[in-house]
Each structure stands twice: as C-alpha cells, then as structure tokens.
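Before any comments, here is the structure.
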Amino acid sequence: MDSISIRGGARLNGQIPISGAKNAALPLMALSLLTPRELFLENLPSLADTRFMGELLATLGVEVAYGVNGGGPSSVRLQAPKLVSTFAPYDLVRKMRASFYVLGPLLARAGEAKVSLPGGCAIGTRPVDLHLMALEKLGASIELEDGYVLAAAPSGGLTGAEIEFPFVTVGATVTALMTATLAHGHTTLLNAAREPEVTDVADCLNAMGAKISGIGTSTLEIEGVAALKGATHRVLPDRIETGTYAMAVAIAGGEVDLLGARGDLIESVIDVLLEAGVEISETNEGLRIARNGHRASAANVTTEPFPGFPTDLQAQFMAFMATAEGESTIKETIFENRFMHVPELSRLGADIIVEGQSARVKGVPKLKGAPVMATDLRASVSLVLAGLAAEGETMVNRVYHLDRGFERIEEKLGACGADITRVSS
C-alpha cells in the first residue's frame with residue numbers, strides 16, 4: 001500500500017493545472033447508459049474513481065475508450081448500443097459511492113435495475129433514501145433485498161412528477177434529474193441542489209436532447225423526451241482541487257498560478273482566504289494565489305450547500321488554520337462524522353478541540369512531521385497540506401483514498417518546489 005512522504009518548509013512557486021471535476025465526471029459517465037449513441041467527454045480526470053466507474057459501465061454494456069478522437073488521455077468515448085446487464089454487483093459498487101448513479105439511468109432506459117447499496121468514504125451514513133424516494137415519485141417500485149436495491153418501472157414507463165427534497169442533496173438531485181429526462185410528461189424538482197456539478201450534468205443532458213430549464217437554481221423543470229442522442233461535453237474544472245491547491249499555497253507560502261481554475265465556482269472559498277490574508281487574483285489562464293512574508297490570520301467557516309463553503313474543503317481549511325495566527329471556529333453542517341482528520345492533525349502538533357459539530361482551532365507557529373493515517377479522501381489531502389508546513393518528514397499512509405480524488409498530486413506539488421515523494425510498499 002503506497003504512502004506519501006513530505007518534508008515541509010519549501011515554498012510553492014510555479015503553475016498547477018486544474019483537472020476536470022471528479023464529482024461531475026462520475027455522473028456524466030453514467031449518462032452514457034441513457035442512450036445508444038456516443039457520449040464523448042473531454043477534460044476527464046484520471047483517477048481511481050473514474051477508472052472504477054469505467055469498469056462498472058463496461059459490465060453493463062458500455063464501450064469505454066480513453067484517449068480517442070484526438071482528445072488525449074483526458075478524454076473518453078462512451079457508447080452503449082445495447083445494455084447487456086442491469087445488475088451492478090456489490091464488488092464493484094462498494095469501491096465508491098458514486099457507482100449508485102447507474103441506478104436511475106438503468107431504470108429509465110431498461111425499465112429495471114438491481115444495484116448494490118453503495119460504499120465509499122466512512123464520513124457518515126449518507127443514506128440513499130432520497131434517491132429512492134425520487135424514483136418512487138416517478139412511478140418506480142422499489143424493494144431492498146440482501147443489500148441490493150431492486151427497482152422496476154411500470155409497464156407504461158416512468159411518469160413525471162413533482163419531487164420536493166426535504167434538504168439539499170446533490171446525489172438525489174442528480175439521480176432524479178437523469179431519470180426524469182426519459183419519463184413521460186413533466187417533472188419538477190424543488191429544493192434541488194445548485195452545485196456546479198449538478199449544473200454540468202444538466203448542461204450535458206440538454207446537449208444530448210433533454211429539455212431541462214431552471215439550471216443553476218433550486219427549481220429544475222424537466223420535460224421528458226422519448227430518446228436522448230449523443231453529445232460532446234467538456235467536464236468543468238474541479239472546484240475542490242482548485243480550493244485545495246489554493247490552500248496549499250496559503251499553508252506553504254509562495255505564488256502559484258492555478259491554470260484553468262474558475263473563481264466563480266469557489267467564491268465563498270476566495271472570500272475566506274482573502275480574510276485570512278491570502279492574495280488571490282484572476283489571470284487570463286485561471287487564478288493566481290500568493291502568500292508572501294506574513295503569517296496568515298484566523299478565520300471562521302461554516303460548511304453549507306453551494307454557494308456556501310464546501311464540506312469537501314473543510315479538512316483542508318482546518319489544516320490551514322492550524323498554523324494561522326489566532327483561533328478559528330469551523331462548523332460542519334453537512335456530514336455528521338467529518339472530523340476524523342482531527343486526531344491525525346493533532347499528531348503533527350495542531351491544537352484542535354472538537355465540540356459537537358464545531359472544531360476550535362488555535363493556530364501554532366509550527367507543525368512537526370510525524371507518521372499519520374488517511375481516513376477518507378478529503379482528510380488525506382489535508383494531511384498532505386499540513387505536511388507542507390511541518391518541520392521534518394510527514395508520512396501519510398493509506399493514500400489510496402487520495403488517489404480516488406486527486407490526479408498526480410505529488411507531481412503537481414513537486415513541480416512547484418514541494419519536497420514530496422510517493423513511497424511504494
């Protein structure tokens with residue numbers, strides 16, 4: 001099992017290209033199940049999760065070809081002329097939670113599906129009940145049997161409906177959106193997630209011939225169509241990767257251009273980084289992040305659905321605040337078990353006290369390197385970031401979590417001067 005070694009103290013200077021968004025790429029890949037025509041995705045991140053999704057789609061009948069049509073390694077052609085299976089087994093779905101995105105498209109196109117309940121990071125229960133509620137509203141019958149969801153559409157097909165989510169949920173919004181495109185009649189999604197990744201999926205669906213309006217708002221209107229066509233779509237830049245590398249510069253100091261980054265996707269993050277004393281400016285190629293000659297200041301955040309501060313950047317921000325001057329409060333409102341990185345940051349010398357949903361972080365002048373263990377995807381990268389500012393060596397173990405969501409992280413940071421290497425066991 002690989003580990004990553006970081007020797008802290010090096011400032012970051014240079015350029016980091018921002019990859020396509022993982023949280024958009026995975027449901028975008030699942031859209032290939034909705035049509036027999038070709039779906040060509042550009043700017044696809046090369047990650048363990050996208051590879052897992054490709055493997056799962058292939059078992060269902062999707063032809064998966066990477067780097068075709070002159071698109072380079074970050075492109076994929078997906079085409080399912082005929083679905084050969086509607087069964088997504090536990091051994092594949094357990095590898096990542098986003099595999100559950102195949103349920104709605106299989107049901108919409110084939111009229112039935114058997115999909116394992118999902119796995120993924122252990123950051124709370126994250127139930128799928130709202131996914132299933134949405135499918136039942138569209139007319140599907142749902143049964144749970146031996147850890148699997150068995151879904152079936154009525155003989156006449158799915159029918160549009162009004163679906164109101166009791167709270168904002170990205171996953172269930174995407175599931176309902178994908179499925180409703182092939183349902184008869186009109187569907188309205190109320191209290192829908194507004195995250196950019198949802199918008200990206202909706203834009204791609206419209207390019208495939210869907211009729212979706214209200215994109216980017218909390219009310220989505222979908223007029224069902226008889227069939228979807230193929231399309232070419234470019235995955236939007238990853239706002240979580242953008243925020244992560246911005247915080248890496250904030251922690252280590254220096255000046256880095258984030259190529260392809262979009263400030264409009266992380267406005268809440270930019271606001272709090274500016275408050276902490278980080279310099280951020282837009283360039284013709286993306287965003288420039290700088291912190292030179294001064295210690296950062298403490299700032300408070302509360303995680304919220306978009307356009308609020310993302311939960312997927314909470315651990316990274318905590319690592320940043322661990323060396324800031326003053327005391328900050330970080331409140332987590334999205335997941336109930338997302339402070340598992342706190343004990344590991346404490347091993348590096350961070351002064352953090354957890355009180356229910358909040359963590360009080362008192363910045364220390366210096367962190368000190370130590371062996372630490374990754375517990376989930378975003379926690380693992382927070383330990384890498386903390387290692388950039390720690391004296392001596394930080395060894396981050398179990399980095400398979402990291403490989404699920406960050407493309408070539410040691411290469412990207414290393415190119416900017418970080419002393420970081422991957423160690424294979």
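So you can find residues: chains in the structure tokens are A, B, ... in the order shown, residues in each start at 1, and ligands are numbered from 1 in order.
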*Selection near Arg262 in chain A, 9 Å with only C-alpha atoms, sequence-local residues under 4 positions removed, as a ChimeraX atom specification*: /A:237-239,242,266,282,286-287
*asked:* Which of range 186-393 of chain A end up as helix (DSSP H, G or I) when DSSP is run on this backbone - answer as a PyMOL selection string?
replied: chain A and resi 196-207+239-252+263-265+267-275+311-321+342-347+377-389
*Give me every strand (DSSP E or B) residue in range 198-279 of chain A, going by DSSP on the backbone, as a ChimeraX atom specification.*
/A:211-213,219-223,231-234,237,254-259,279
*Please provide as an MDAnalysis selection string all residues within 12 Å of Phe309 in chain A, with the sequence filter that same-chain residues fewer than 5 positions apart are discarded (counting only C-alpha atoms).*
chainID A and resid 195 239:240 243 265:273 300:304 314:317 330:334
How close does each residue of range 62-179 of chain A get to range 211-232 of chain A, giving the shortest atom pair and distance in Å to one decimal for every residue with an atom at most 9 Å away, counting only C-alpha atoms, sorted by chain and residue number, as a Markdown table?
| residue | atom | partner | partner_atom | distance |
| --- | --- | --- | --- | --- |
| A:Gln79 | CA | A:Gly230 | CA | 8.6 |
| A:Arg109 | CA | A:Ala227 | CA | 8.9 |
| A:Thr159 | CA | A:Gly224 | CA | 8.5 |
| A:Gly160 | CA | A:Gly224 | CA | 7.3 |
| A:Val168 | CA | A:Ser218 | CA | 8.9 |
| A:Leu177 | CA | A:Ile222 | CA | 7.6 |
Output C-alpha atoms of each residue in that selection to a file, as a compact mmCIF listing (two decimals), in the first residue's frame.
# COMPACT_ATOMS: atom_id res chain seq x y z
CA GLN A 79 -21.31 4.19 -26.00
CA ARG A 109 -33.70 3.07 -20.23
CA THR A 159 -44.09 9.30 -15.38
CA GLY A 160 -43.10 12.84 -14.49
CA VAL A 168 -30.39 19.92 -0.31
CA LEU A 177 -32.57 14.66 -13.00
*Report the distance between CA of Glu162 in chain A and CA of Gly104 in chain A in Å, rounded to one decimal place.*
16.5 Å
*In Å, with one decimal, what is the gap from CA of Leu106 in chain A to CA of Ala58 in chain A?*
13.3 Å
*Can you list, as a list in words, every protein, DNA or RNA residue that comes within 12 Å of Ser155 in chain A when you count only C-alpha atoms, leaving out same-chain residues fewer than 6 positions away?*
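Surrounding residues, per the criterion: Ala108, Ala110, Gly111, Glu112, Gly139, Ala140 and Ser141 of chain A.
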Give me, as a Markdown table, each residue of range 8-82 of chain A that comes within 8 Å of range 406-419 of chain A, together with its shortest interatomic pair and the distance in Å at one decimal, counting only C-alpha atoms, with rows ordered by chain and rising residue number.
| residue | atom | partner | partner_atom | distance |
| --- | --- | --- | --- | --- |
| A:Gly8 | CA | A:Asp419 | CA | 7.0 |
| A:Ala10 | CA | A:Ala418 | CA | 5.6 |
| A:Arg11 | CA | A:Gly417 | CA | 6.6 |
| A:Leu12 | CA | A:Cys416 | CA | 5.0 |
| A:Asn13 | CA | A:Cys416 | CA | 4.9 |
| A:Gly14 | CA | A:Cys416 | CA | 4.9 |
| A:Gln15 | CA | A:Cys416 | CA | 6.7 |
| A:Ile16 | CA | A:Lys412 | CA | 5.9 |
| A:Pro17 | CA | A:Lys412 | CA | 7.8 |
| A:Ser19 | CA | A:Glu407 | CA | 7.3 |
| A:Pro45 | CA | A:Glu407 | CA | 6.7 |
| A:Ser46 | CA | A:Glu407 | CA | 6.1 |
| A:Leu47 | CA | A:Glu407 | CA | 5.9 |
Store the residues picked out above in a file with N, CA, C and O atoms, as a compact mmCIF listing (two decimals), in the first residue's frame.
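The resulting file, part.txt, is reproduced below:
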# COMPACT_ATOMS: atom_id res chain seq x y z
N GLY A 8 8.55 19.24 4.98
CA GLY A 8 7.97 20.58 4.95
C GLY A 8 8.99 21.69 4.91
O GLY A 8 10.19 21.48 5.07
N ALA A 10 9.28 24.02 2.27
CA ALA A 10 9.51 24.58 0.94
C ALA A 10 8.33 25.44 0.52
O ALA A 10 7.17 25.06 0.66
N ARG A 11 8.63 26.63 -0.01
CA ARG A 11 7.59 27.48 -0.57
C ARG A 11 7.20 26.96 -1.95
O ARG A 11 7.99 26.31 -2.63
N LEU A 12 5.98 27.26 -2.34
CA LEU A 12 5.48 26.79 -3.63
C LEU A 12 5.51 27.93 -4.64
O LEU A 12 4.99 29.02 -4.38
N ASN A 13 6.10 27.67 -5.79
CA ASN A 13 6.13 28.66 -6.87
C ASN A 13 6.03 27.95 -8.21
O ASN A 13 6.74 26.96 -8.44
N GLY A 14 5.15 28.44 -9.08
CA GLY A 14 5.01 27.82 -10.39
C GLY A 14 3.58 27.78 -10.86
O GLY A 14 2.79 28.70 -10.58
N GLN A 15 3.24 26.71 -11.56
CA GLN A 15 1.91 26.55 -12.13
C GLN A 15 1.36 25.16 -11.81
O GLN A 15 2.11 24.18 -11.80
N ILE A 16 0.06 25.09 -11.55
CA ILE A 16 -0.61 23.81 -11.33
C ILE A 16 -1.84 23.76 -12.23
O ILE A 16 -2.74 24.60 -12.09
N PRO A 17 -1.91 22.82 -13.16
CA PRO A 17 -3.12 22.69 -13.98
C PRO A 17 -4.24 22.03 -13.18
O PRO A 17 -4.02 21.04 -12.48
N SER A 19 -7.54 19.87 -12.89
CA SER A 19 -8.17 18.78 -13.64
C SER A 19 -9.69 18.96 -13.69
O SER A 19 -10.26 19.84 -13.02
N PRO A 45 -10.86 13.70 -15.45
CA PRO A 45 -9.71 13.46 -14.58
C PRO A 45 -9.33 11.98 -14.57
O PRO A 45 -10.20 11.11 -14.61
N SER A 46 -8.04 11.71 -14.54
CA SER A 46 -7.55 10.33 -14.48
C SER A 46 -7.39 9.95 -13.02
O SER A 46 -6.38 10.26 -12.38
N LEU A 47 -8.40 9.29 -12.47
CA LEU A 47 -8.47 8.97 -11.05
C LEU A 47 -8.89 7.52 -10.85
O LEU A 47 -9.47 6.90 -11.75
